[in-house]
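Undergrad: I'm passing along query-v7.txt; it holds compact mmCIF, C-alpha atoms.
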# COMPACT_ATOMS: atom_id res chain seq x y z
CA ARG J 7 142.58 79.62 85.94
CA ARG J 8 144.32 80.98 89.03
CA HIS J 9 141.19 80.42 91.08
CA LYS J 10 140.89 76.82 89.84
CA LEU J 11 144.50 76.11 90.79
CA TYR J 12 143.92 77.75 94.18
CA ARG J 13 140.94 75.47 94.85
CA GLU J 14 142.82 72.35 93.74
CA GLU J 15 145.81 73.32 95.87
CA LEU J 16 143.67 73.57 99.01
CA ASN J 17 141.64 70.50 98.01
CA LEU J 18 138.40 72.50 98.19
CA THR J 19 135.28 70.58 97.27
CA SER J 20 131.78 71.73 96.46
CA PRO J 21 129.26 71.49 99.30
CA SER J 22 126.69 68.72 99.27
CA ALA J 23 123.51 69.15 97.28
CA PRO J 24 120.59 70.87 99.02
CA LEU J 25 118.11 68.70 100.90
CA PRO J 26 114.69 68.01 99.35
CA LEU J 27 112.13 70.69 100.12
CA ARG J 28 110.39 70.05 103.44
CA PRO J 29 106.82 71.33 103.94
CA GLU J 30 107.85 72.73 107.35
CA ALA J 31 110.78 74.71 105.88
CA SER J 32 110.72 78.27 107.24
CA TRP J 33 111.00 79.85 103.77
CA LEU J 34 107.98 77.92 102.52
CA GLN J 35 105.96 78.65 105.66
CA PHE J 36 106.78 82.36 105.30
CA HIS J 37 105.57 82.34 101.69
CA LEU J 38 102.37 80.47 102.61
CA GLY J 39 101.64 83.05 105.32
CA ILE J 40 101.41 85.98 102.89
CA SER J 41 97.85 87.31 102.84
CA ARG J 42 95.88 90.37 101.76
CA ASP J 43 96.77 91.97 105.12
CA GLY J 44 100.57 91.71 104.92
CA LEU J 45 103.62 89.57 104.35
CA TYR J 46 103.11 87.66 107.60
CA PRO J 47 100.61 87.47 110.47
CA ARG J 48 101.25 89.14 113.80
CA SER J 49 103.48 87.05 116.11
CA SER J 50 104.27 84.69 113.24
CA PRO J 51 106.32 81.66 114.43
CA ALA J 52 107.35 81.07 110.80
CA VAL J 53 109.05 84.48 110.66
CA THR J 54 110.82 83.83 113.97
CA ARG J 55 112.21 80.56 112.57
CA LEU J 56 113.08 82.20 109.26
CA LEU J 57 115.14 84.91 110.97
CA ARG J 58 116.99 82.24 112.96
CA ASP J 59 117.61 80.10 109.86
CA MET J 60 119.02 83.06 107.91
CA GLN J 61 121.44 83.63 110.78
CA GLU J 62 122.52 80.01 111.16
CA PHE J 63 122.13 78.03 107.93
CA THR J 64 125.25 77.37 105.85
CA THR J 65 125.33 79.02 102.44
CA ILE J 66 125.42 76.55 99.57
CA SER J 67 125.84 79.06 96.72
CA ALA J 68 126.41 82.76 96.08
CA ASP J 69 125.91 84.89 92.99
CA TYR J 70 125.32 88.42 91.79
CA SER J 71 121.71 89.64 91.84
CA GLN J 72 119.85 90.48 88.65
CA ASP J 73 118.88 94.11 88.23
CA GLU J 74 115.28 93.32 87.34
CA LYS J 75 114.28 96.94 86.90
CA ALA J 76 116.92 97.55 84.27
CA LEU J 77 116.13 94.23 82.53
CA LEU J 78 112.44 95.11 82.37
CA GLY J 79 113.19 98.65 81.18
CA ALA J 80 111.38 100.06 84.21
CA CYS J 81 113.97 102.76 84.82
CA ASP J 82 115.88 105.09 82.54
CA CYS J 83 119.27 104.38 84.09
CA SER J 84 120.90 107.16 82.06
CA GLN J 85 119.01 109.62 84.28
CA ILE J 86 120.38 108.14 87.52
CA VAL J 87 123.86 109.39 88.31
CA LYS J 88 125.46 106.92 90.69
CA PRO J 89 128.74 105.05 91.06
CA SER J 90 127.33 101.55 90.55
CA GLY J 91 130.36 99.91 92.10
CA VAL J 92 129.32 100.99 95.60
CA HIS J 93 125.93 99.24 95.40
CA LEU J 94 127.06 95.67 95.84
CA LYS J 95 124.54 92.97 96.73
CA LEU J 96 124.60 89.21 96.38
CA VAL J 97 122.06 86.39 96.36
CA LEU J 98 122.92 83.71 98.93
CA ARG J 99 121.21 80.32 98.83
CA PHE J 100 120.62 77.95 101.71
CA GLN J 101 119.15 74.51 102.25
CA ASP J 102 115.39 73.98 101.78
CA PHE J 103 115.61 76.25 98.72
CA GLY J 104 116.07 79.26 101.00
CA LYS J 105 117.31 82.41 99.33
CA ALA J 106 118.24 85.82 100.75
CA MET J 107 119.62 89.11 99.47
CA PHE J 108 122.95 89.96 101.12
CA LYS J 109 123.95 93.61 101.41
CA PRO J 110 127.38 94.15 102.95
CA MET J 111 128.39 96.88 105.38
CA ARG J 112 129.39 100.00 103.44
CA GLN J 113 129.17 102.64 106.15
CA LYS J 114 129.83 102.65 109.89
CA ARG J 115 126.84 103.21 112.13
CA GLU J 116 128.08 106.52 113.52
CA GLU J 117 128.68 108.01 110.05
CA GLU J 118 126.08 110.32 108.55
CA THR J 119 125.42 110.79 104.85
CA PRO J 120 127.37 113.90 103.74
CA GLU J 121 125.18 116.98 103.31
CA ASP J 122 126.33 117.44 99.71
CA PHE J 123 125.14 113.97 98.65
CA PHE J 124 122.03 113.68 96.48
CA TYR J 125 119.67 110.92 97.62
CA PHE J 126 120.31 108.96 94.42
CA VAL J 127 124.07 108.70 95.08
CA ASP J 128 123.71 107.84 98.76
CA PHE J 129 125.30 104.74 100.28
CA GLN J 130 123.36 101.52 100.78
CA ARG J 131 123.44 100.66 104.49
CA HIS J 132 123.01 97.11 105.74
CA ASN J 133 121.87 98.29 109.17
CA ALA J 134 119.15 100.42 107.55
CA GLU J 135 117.65 97.28 105.98
CA ILE J 136 117.62 95.56 109.38
CA ALA J 137 116.18 98.55 111.23
CA ALA J 138 113.51 99.10 108.53
CA PHE J 139 112.19 95.56 109.05
CA HIS J 140 111.89 96.09 112.80
CA LEU J 141 110.21 99.49 112.41
CA ASP J 142 107.77 98.15 109.81
CA ARG J 143 106.79 95.36 112.21
CA ILE J 144 106.39 97.79 115.14
CA LEU J 145 104.10 99.98 113.00
CA ASP J 146 102.08 96.81 112.25
CA PHE J 147 102.46 97.32 108.50
CA ARG J 148 104.23 93.97 107.94
CA ARG J 149 105.25 94.97 104.41
CA VAL J 150 109.06 94.63 104.67
CA PRO J 151 110.46 91.11 104.07
CA PRO J 152 112.06 89.54 107.17
CA THR J 153 115.61 90.87 107.48
CA VAL J 154 118.40 89.93 109.83
CA GLY J 155 122.05 90.83 110.41
CA ARG J 156 124.81 88.27 110.01
CA LEU J 157 128.58 88.01 110.05
CA ILE J 158 129.57 86.34 106.79
CA ASN J 159 132.89 84.62 106.16
CA VAL J 160 133.45 85.97 102.65
CA THR J 161 135.99 83.25 101.81
CA LYS J 162 134.07 80.18 102.98
CA GLU J 163 130.49 81.43 102.45
CA ILE J 164 130.90 83.34 99.16
CA LEU J 165 134.15 82.65 97.32
CA GLU J 166 134.28 78.91 97.93
CA VAL J 167 130.61 78.27 97.10
CA THR J 168 130.08 80.52 94.07
CA LYS J 169 130.13 79.09 90.57
CA ASN J 170 130.14 82.50 88.96
CA GLU J 171 133.62 82.97 87.50
CA ILE J 172 133.21 86.75 87.34
CA LEU J 173 132.43 86.88 91.04
CA GLN J 174 135.39 84.63 91.73
CA SER J 175 137.63 86.95 89.73
CA VAL J 176 136.88 90.09 91.78
CA PHE J 177 138.19 88.67 95.06
CA PHE J 178 141.59 89.85 96.20
CA VAL J 179 143.67 90.25 99.36
CA SER J 180 144.23 93.84 100.46
CA PRO J 181 147.55 95.25 101.74
CA ALA J 182 146.13 94.79 105.24
CA SER J 183 145.70 91.05 104.50
CA ASN J 184 141.91 91.30 104.42
CA VAL J 185 139.86 89.37 101.84
CA CYS J 186 137.93 91.81 99.64
CA PHE J 187 135.67 91.79 96.59
CA PHE J 188 133.89 94.40 94.49
CA ALA J 189 130.82 94.74 92.29
CA LYS J 190 130.21 93.64 88.75
CA CYS J 191 128.76 96.64 86.97
CA PRO J 192 129.02 98.46 83.62
CA TYR J 193 131.18 101.28 84.96
CA MET J 194 133.19 102.43 87.96
CA CYS J 195 133.94 98.88 89.12
CA LYS J 196 137.17 99.49 90.96
CA THR J 197 138.94 98.09 93.96
CA GLU J 198 138.38 101.45 95.69
CA TYR J 199 134.71 100.45 95.99
CA ALA J 200 135.45 96.98 97.36
CA VAL J 201 134.10 95.59 100.60
CA CYS J 202 136.58 93.81 102.85
CA GLY J 203 136.38 91.24 105.60
CA ASN J 204 138.35 91.45 108.82
CA PRO J 205 140.21 89.45 107.58
CA HIS J 206 137.42 87.14 106.39
CA LEU J 207 134.36 88.19 108.43
CA LEU J 208 132.06 90.86 107.03
CA GLU J 209 128.84 92.32 108.46
CA GLY J 210 125.78 92.38 106.26
CA SER J 211 122.01 92.17 106.11
CA LEU J 212 120.06 89.19 104.79
CA SER J 213 116.56 89.85 103.46
CA ALA J 214 114.34 86.87 102.68
CA PHE J 215 113.26 86.55 99.06
CA LEU J 216 109.57 86.72 98.22
CA PRO J 217 107.91 83.88 96.28
CA SER J 218 108.98 83.49 92.66
CA LEU J 219 107.27 85.83 90.20
CA ASN J 220 105.99 82.71 88.44
CA LEU J 221 104.12 81.68 91.58
CA ALA J 222 103.14 85.08 92.98
CA PRO J 223 103.32 87.76 90.23
CA ARG J 224 103.97 91.34 91.30
CA LEU J 225 103.53 94.70 89.65
CA SER J 226 106.09 97.49 89.85
CA ILE J 227 104.28 100.85 89.79
CA PRO J 228 105.79 104.36 89.65
CA ASN J 229 105.24 106.32 92.86
CA PRO J 230 102.97 109.35 92.12
CA TRP J 231 105.31 111.30 94.41
CA ILE J 232 108.45 110.17 92.60
CA ARG J 233 111.41 112.55 92.86
CA SER J 234 113.42 114.00 90.02
CA TYR J 235 116.56 111.94 89.42
CA SER J 236 118.62 114.83 88.10
CA PHE J 237 120.68 117.51 89.78
CA ASP J 238 118.29 120.41 89.16
CA GLY J 239 114.91 118.93 88.11
CA LYS J 240 111.59 119.26 89.95
CA GLU J 241 108.51 117.07 89.80
CA GLU J 242 105.01 118.58 89.77
CA TRP J 243 104.23 117.61 93.37
CA GLU J 244 107.31 119.57 94.52
CA VAL J 245 105.98 122.85 93.07
CA ASN J 246 102.19 122.35 93.17
CA PRO J 247 100.65 122.12 96.68
CA LEU J 248 97.33 121.02 95.08
CA TYR J 249 98.97 118.10 93.29
CA CYS J 250 96.93 115.54 95.26
CA ASN J 251 93.75 116.79 93.58
CA THR J 252 95.20 115.62 90.27
CA VAL J 253 96.21 112.24 91.71
CA ARG J 254 92.71 111.66 93.13
CA GLU J 255 91.27 111.88 89.60
CA ILE J 256 93.45 109.02 88.35
CA TYR J 257 92.52 105.37 88.83
CA PRO J 258 93.30 103.53 91.13
CA TYR J 259 93.90 106.52 93.42
CA SER J 260 90.35 107.77 92.82
CA ASN J 261 88.80 105.10 95.06
CA GLY J 262 89.70 102.20 97.31
CA ASN J 263 92.59 102.31 99.75
CA ARG J 264 95.54 102.74 97.35
CA LEU J 265 96.04 106.38 98.30
CA LEU J 266 95.82 105.49 101.99
CA ASN J 267 98.54 102.88 101.46
CA ILE J 268 100.68 105.50 99.71
CA VAL J 269 100.31 107.68 102.83
CA ASP J 270 101.35 104.72 105.02
CA MET J 271 104.43 104.27 102.84
CA ALA J 272 105.27 107.99 103.07
CA ILE J 273 105.00 107.89 106.88
CA PHE J 274 107.31 104.88 106.98
CA ASP J 275 109.82 106.52 104.61
CA PHE J 276 109.76 109.78 106.58
CA LEU J 277 110.57 107.96 109.81
CA ILE J 278 113.59 106.23 108.25
CA GLY J 279 114.58 109.24 106.11
CA ASN J 280 114.28 107.40 102.77
CA MET J 281 113.92 109.74 99.77
CA ASP J 282 114.47 107.03 97.15
CA ARG J 283 110.99 105.48 96.80
CA HIS J 284 110.61 105.86 93.03
CA HIS J 285 108.48 102.70 92.59
CA TYR J 286 106.40 100.39 94.74
CA GLU J 287 105.40 96.77 94.19
CA MET J 288 102.16 94.86 94.77
CA PHE J 289 101.05 91.25 94.48
CA THR J 290 98.65 91.02 91.54
CA LYS J 291 96.60 88.32 93.34
CA PHE J 292 95.15 90.79 95.83
CA GLY J 293 93.95 93.25 93.21
CA ASP J 294 93.98 97.03 93.41
CA ASP J 295 93.37 97.14 97.17
CA GLY J 296 96.32 94.93 98.08
CA PHE J 297 99.11 96.20 100.32
CA LEU J 298 102.23 97.93 99.00
CA LEU J 299 105.55 96.20 99.53
CA HIS J 300 108.18 98.33 101.30
CA LEU J 301 111.30 96.99 99.55
CA ASP J 302 114.86 98.31 99.29
CA ASN J 303 115.26 100.43 102.42
CA ALA J 304 119.07 100.55 102.48
CA ARG J 305 119.11 104.32 101.87
CA GLY J 306 117.25 104.99 105.09
CA PHE J 307 118.79 106.14 108.38
CA GLY J 308 121.41 108.23 106.61
CA ARG J 309 121.08 111.54 108.51
CA HIS J 310 119.66 111.64 112.02
CA SER J 311 120.23 115.39 112.25
CA HIS J 312 117.88 116.24 109.36
CA ASP J 313 114.13 115.65 108.95
CA GLU J 314 113.17 115.65 105.25
CA THR J 315 109.56 116.80 105.58
CA SER J 316 109.00 116.69 101.80
CA ILE J 317 108.74 112.89 102.15
CA LEU J 318 105.42 113.53 103.95
CA ALA J 319 103.93 115.24 100.88
CA PRO J 320 101.26 112.52 100.31
CA LEU J 321 100.00 113.07 103.88
CA SER J 322 100.23 116.86 103.94
CA GLN J 323 98.80 117.34 100.43
CA CYS J 324 96.02 114.71 100.54
CA CYS J 325 95.20 115.07 104.25
CA ILE J 326 94.05 111.47 104.73
CA ILE J 327 95.28 108.70 107.01
CA LYS J 328 94.02 105.30 108.15
CA ARG J 329 92.55 105.23 111.65
CA THR J 330 94.60 102.13 112.50
CA THR J 331 97.80 103.90 111.43
CA LEU J 332 96.95 107.01 113.43
CA LEU J 333 96.09 104.99 116.54
CA ARG J 334 99.38 103.11 116.33
CA LEU J 335 101.35 106.37 115.92
CA GLN J 336 99.55 107.95 118.86
CA LEU J 337 100.32 104.90 120.99
CA LEU J 338 104.02 105.05 120.07
CA ALA J 339 104.07 108.72 121.11
CA GLU J 340 103.01 107.82 124.66
CA PRO J 341 105.87 107.85 127.24
CA GLU J 342 105.35 104.19 128.23
CA TYR J 343 105.40 103.02 124.58
CA ARG J 344 107.87 105.54 123.15
CA LEU J 345 108.90 104.57 119.62
CA SER J 346 112.63 104.90 120.31
CA ASP J 347 112.34 102.60 123.34
CA VAL J 348 110.33 99.97 121.46
CA MET J 349 112.79 100.08 118.54
CA ARG J 350 115.79 99.85 120.85
CA GLU J 351 114.37 96.78 122.54
CA SER J 352 113.38 95.14 119.25
CA LEU J 353 116.79 95.73 117.63
CA LEU J 354 118.55 94.08 120.57
CA GLN J 355 117.22 90.77 119.22
CA ASP J 356 119.57 91.04 116.24
CA ARG J 357 123.05 89.52 116.58
CA LEU J 358 124.69 92.62 115.10
CA ALA J 359 123.20 94.88 117.79
CA PRO J 360 123.45 97.78 118.27
CA ILE J 361 121.91 98.33 114.83
CA LEU J 362 121.21 102.08 115.18
CA THR J 363 123.06 104.73 117.14
CA GLU J 364 121.20 106.62 119.85
CA PRO J 365 120.77 109.81 117.73
CA HIS J 366 118.94 107.77 115.06
CA LEU J 367 116.62 106.27 117.68
CA LEU J 368 115.83 109.68 119.17
CA ALA J 369 115.22 111.05 115.66
CA LEU J 370 112.32 108.58 115.36
CA ASP J 371 110.54 110.24 118.31
CA ARG J 372 111.10 113.69 116.82
CA ARG J 373 109.79 112.66 113.40
CA LEU J 374 106.80 110.93 114.93
CA GLN J 375 105.78 114.24 116.53
CA LEU J 376 106.09 115.96 113.14
CA ILE J 377 103.76 113.37 111.59
CA LEU J 378 101.17 113.84 114.33
CA ARG J 379 101.47 117.60 113.95
CA ALA J 380 100.76 117.29 110.21
CA VAL J 381 97.68 115.15 110.95
CA ARG J 382 96.41 117.67 113.52
CA LYS J 383 96.83 120.47 110.97
CA CYS J 384 94.76 118.51 108.45
CA ILE J 385 92.04 117.79 111.03
CA ASP J 386 91.90 121.46 112.03
CA THR J 387 91.45 122.38 108.37
CA TYR J 388 89.06 119.70 107.08
CA GLY J 389 87.66 117.97 110.17
CA GLU J 390 88.38 114.51 111.53
CA ALA J 391 85.62 112.82 109.52
CA LYS J 392 87.28 113.74 106.20
CA VAL J 393 90.88 113.15 107.29
CA VAL J 394 90.74 109.91 109.31
CA ALA J 395 89.54 106.94 107.25
CA ASN J 396 87.85 104.23 109.31
CA ASP J 397 89.55 100.93 108.42
CA THR J 398 89.04 99.23 111.79
CA THR J 399 86.12 97.04 110.70
CA GLN J 400 87.76 95.03 107.93
CA PRO J 401 86.42 91.49 107.35
CA GLU J 402 88.51 88.43 108.10
CA THR J 403 90.84 87.50 105.25
CA PRO J 404 89.37 84.51 103.35
CA ALA J 405 91.61 81.47 102.99
CA SER J 406 91.37 81.77 99.20
CA ASP J 407 93.25 85.08 99.37
CA ARG J 408 96.44 83.50 100.66
CA VAL J 409 99.37 83.16 98.30
CA LYS J 410 99.53 79.59 97.03
CA VAL J 411 103.02 78.20 96.58
CA ALA J 412 103.31 74.83 94.87
CA THR J 413 106.05 72.56 96.15
So that I can check it, write out the structure of this file as structure tokens.
TA:
Amino acid sequence: RRHKLYREELNLTSPSAPLPLRPEASWLQFHLGISRDGLYPRSSPAVTRLLRDMQEFTTISADYSQDEKALLGACDCSQIVKPSGVHLKLVLRFQDFGKAMFKPMRQKREEETPEDFFYFVDFQRHNAEIAAFHLDRILDFRRVPPTVGRLINVTKEILEVTKNEILQSVFFVSPASNVCFFAKCPYMCKTEYAVCGNPHLLEGSLSAFLPSLNLAPRLSIPNPWIRSYSFDGKEEWEVNPLYCNTVREIYPYSNGNRLLNIVDMAIFDFLIGNMDRHHYEMFTKFGDDGFLLHLDNARGFGRHSHDETSILAPLSQCCIIKRTTLLRLQLLAEPEYRLSDVMRESLLQDRLAPILTEPHLLALDRRLQLILRAVRKCIDTYGEAKVVANDTTQPETPASDRVKVAT
């Protein structure tokens, strides 16, 4: 009631209806570009336009996101100890039916995750989502949805366009005269966990939504190297160095390239320091050999001073790697193509630059050397022919394998 009176007092009106869907809309072109090889082609003009549109388009609605994993019963949330109020994310909609996941700034760039924090109670960092997209593109994986940084006016671009009364009700003005809001969640939803503008502007990341599950169904699959989500538990892979032998006997890890894709994902997670990869998703259209989506990377880049080598368990235990992945890593270890330099230059394209502090960038070079050292150890033990899988002669992706999105 107070919010309604506030809107009437200021004579606030709802924004105009979204325009009809245009075939050239960047969101649609991004969805049409998804193929068996990745979420977008190399040097995709559609992705370039999509990143620009997410930075510039006016929001026409805002709402809470649905926790699909909990709704589908895919996780036993009673086993995950976390203050839900700190994990705030919103769905923002734009013209042309564009939709992006907004994650607000919760931690300053120079802050490290405290040493006493478990990975499942870590903060979600907006800059980690942005940096993960750039790193994924540099590694030529192309499995992270396009993500960009943006300064959001929380009053004009969230409060005044949302129709969700619960979201409206959690906005307040702080003692410092900043506009703040907090998460809707079953417990620990307090103003102490709110995010605040300055006084209205708030940094955040915007990640483009993938096609609707009705149009491009996806599977959510438990990671064979999932971690224990308790304070003292251990999974089998953490205590059994021969665990990969067991995984290799289970379909689909017994043949095809699924295990190689798991190793790619582990390399990516090790570089960003993400220990929270409990599931991975795949498009059902591409079958068992499709690529793995690298979603939800906000818990990366938490501690630049620590290298969590256990994340590399799929590589060190299975001792396999794609030749294309190894060649790219070796190239990024060369002085003229140093990973930290390439990342620094790429991140300068984002309007919220600098995205990562210098220690985080230098940590990428250090971790890359650890990956190459693990590969060399495997080759010394088993020989290059058994360790390095030749994937450099893949056939051209047929047009029928592209995701079809009906307008």
Undergrad: Distance cut-off 9 Å, centre (97.4, 121.3, 99.1) in file coordinates, counting all atoms listed in the file: which residues qualify? Return them as an MDAnalysis selection string.
TA: chainID J and resid 246:251 322:325
Undergrad: Can you work out the spacing between CA of Ala52 in chain J and CA of Ser352 in chain J in Å, to one decimal?
TA: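 About the pair CA of Ala52 in chain J and CA of Ser352 in chain J: they are 17.5 Å apart.
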Undergrad: Can you work out which one of J:Leu318, J:Phe276, J:Asp397, J:Gly308 has the shortest atom-to-atom distance to Glu116 in chain J, counting all atoms listed in the file?
TA: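 That would be J:Gly308, the residue with the smallest distance to Glu116 in chain J.
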Undergrad: Taking a cut-off of 9 Å and counting only C-alpha atoms, can you build a table that, for each residue of range 277-312 of chain J near range 262-265 of chain J, reports the nearest atom pair and how far apart they are in Å (one decimal), sorted by chain then residue number, as CSV?
TA:
residue,atom,partner,partner_atom,distance
J:Asp294,CA,J:Arg264,CA,7.1
J:Asp295,CA,J:Asn263,CA,5.8
J:Gly296,CA,J:Arg264,CA,7.9
J:Phe297,CA,J:Arg264,CA,8.0
J:Leu298,CA,J:Arg264,CA,8.4
Undergrad: Check the smallest atom-to-atom distance from each of J:Arg254, J:Gly210, J:Ser32, J:Leu173 to Met111 in chain J using all atoms listed in the file, then report the winner.
TA: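 Closest to Met111 in chain J of all the choices is J:Gly210.
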Undergrad: Distance CA of Leu370 in chain J-CA of Met349 in chain J, one decimal place?
TA: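 It comes out at 9.1 Å.
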Undergrad: Need to verify the contact set: Leu337 in chain J, 12 Å, all atoms listed in the file, exclusion of same-chain residues closer than 2 positions in sequence. Can you return it as a list in words?
TA: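 Once the adjacent positions are removed, what remains is Ile144, Leu145, Thr330, Thr331, Leu332, Leu333, Arg334, Leu335, Ala339, Glu340, Pro341, Glu342, Tyr343, Arg344, Leu345, Val348, Asp371, Leu374, Gln375 and Leu378 of chain J.
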Undergrad: Could you jot down the CA of Lys95 in chain J to CA of Asn220 in chain J separation for me, Å, one decimal place?
TA: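 CA of Asn220 in chain J lies at a distance of 22.8 Å from CA of Lys95 in chain J.
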Undergrad: Would you kindly identify which residues have an atom no farther than 6 Å from (135.2, 94.4, 99.0), using only C-alpha atoms and the file's own coordinates, and write them out as a PyMOL selection string?
TA: chain J and resi 186-188+200-202
Undergrad: Write out, as a Markdown table, each residue of range 154-243 of chain J that has an atom at most 12 Å from range 360-368 of chain J, together with the closest pair of atoms and their distance in Å to one decimal, counting all atoms listed in the file, rows going by chain and rising number.
TA:
| residue | atom | partner | partner_atom | distance |
| --- | --- | --- | --- | --- |
| J:Val154 | CA | J:Ile361 | CA | 10.4 |
| J:Gly155 | CA | J:Ile361 | CA | 8.7 |
| J:Arg156 | CA | J:Ile361 | CA | 11.5 |
| J:Glu209 | CA | J:Ile361 | CA | 11.2 |
| J:Gly210 | CA | J:Ile361 | CA | 11.1 |
| J:Ser211 | CA | J:Ile361 | CA | 10.7 |
Undergrad: If we count only C-alpha atoms and set the cut-off at 7 Å, which residues sit around Leu98 in chain J, ignoring sequence neighbours fewer than 3 positions away in its own chain? Please answer as a PDB file with C-alpha atoms, in the frame of the given file.
TA:
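After the write, part28.pdb holds the following:
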ATOM      1  CA  THR J  65     125.330  79.020 102.440  1.00  0.00           C
ATOM      2  CA  SER J  67     125.840  79.060  96.720  1.00  0.00           C
ATOM      3  CA  ALA J  68     126.410  82.760  96.080  1.00  0.00           C
ATOM      4  CA  ASP J  69     125.910  84.890  92.990  1.00  0.00           C
ATOM      5  CA  LYS J 105     117.310  82.410  99.330  1.00  0.00           C
ATOM      6  CA  ALA J 106     118.240  85.820 100.750  1.00  0.00           C
ATOM      7  CA  MET J 107     119.620  89.110  99.470  1.00  0.00           C
ATOM      8  CA  PHE J 108     122.950  89.960 101.120  1.00  0.00           C
TER       9      PHE J 108
END
Undergrad: Quick one: of J:Lys383, J:His140, J:Arg305, J:Arg55, who's nearest to Ile326 in chain J, counting all atoms listed in the file?
TA: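 Checking each candidate against Ile326 in chain J, we get J:Lys383 as the closest.
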Undergrad: Between J:Tyr70, J:Phe129, J:Tyr388, J:Tyr46, which residue has the minimum interatomic distance to Ala189 in chain J, considering all atoms listed in the file?
TA: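 Ranked by minimum distance to Ala189 in chain J, first place goes to J:Tyr70.
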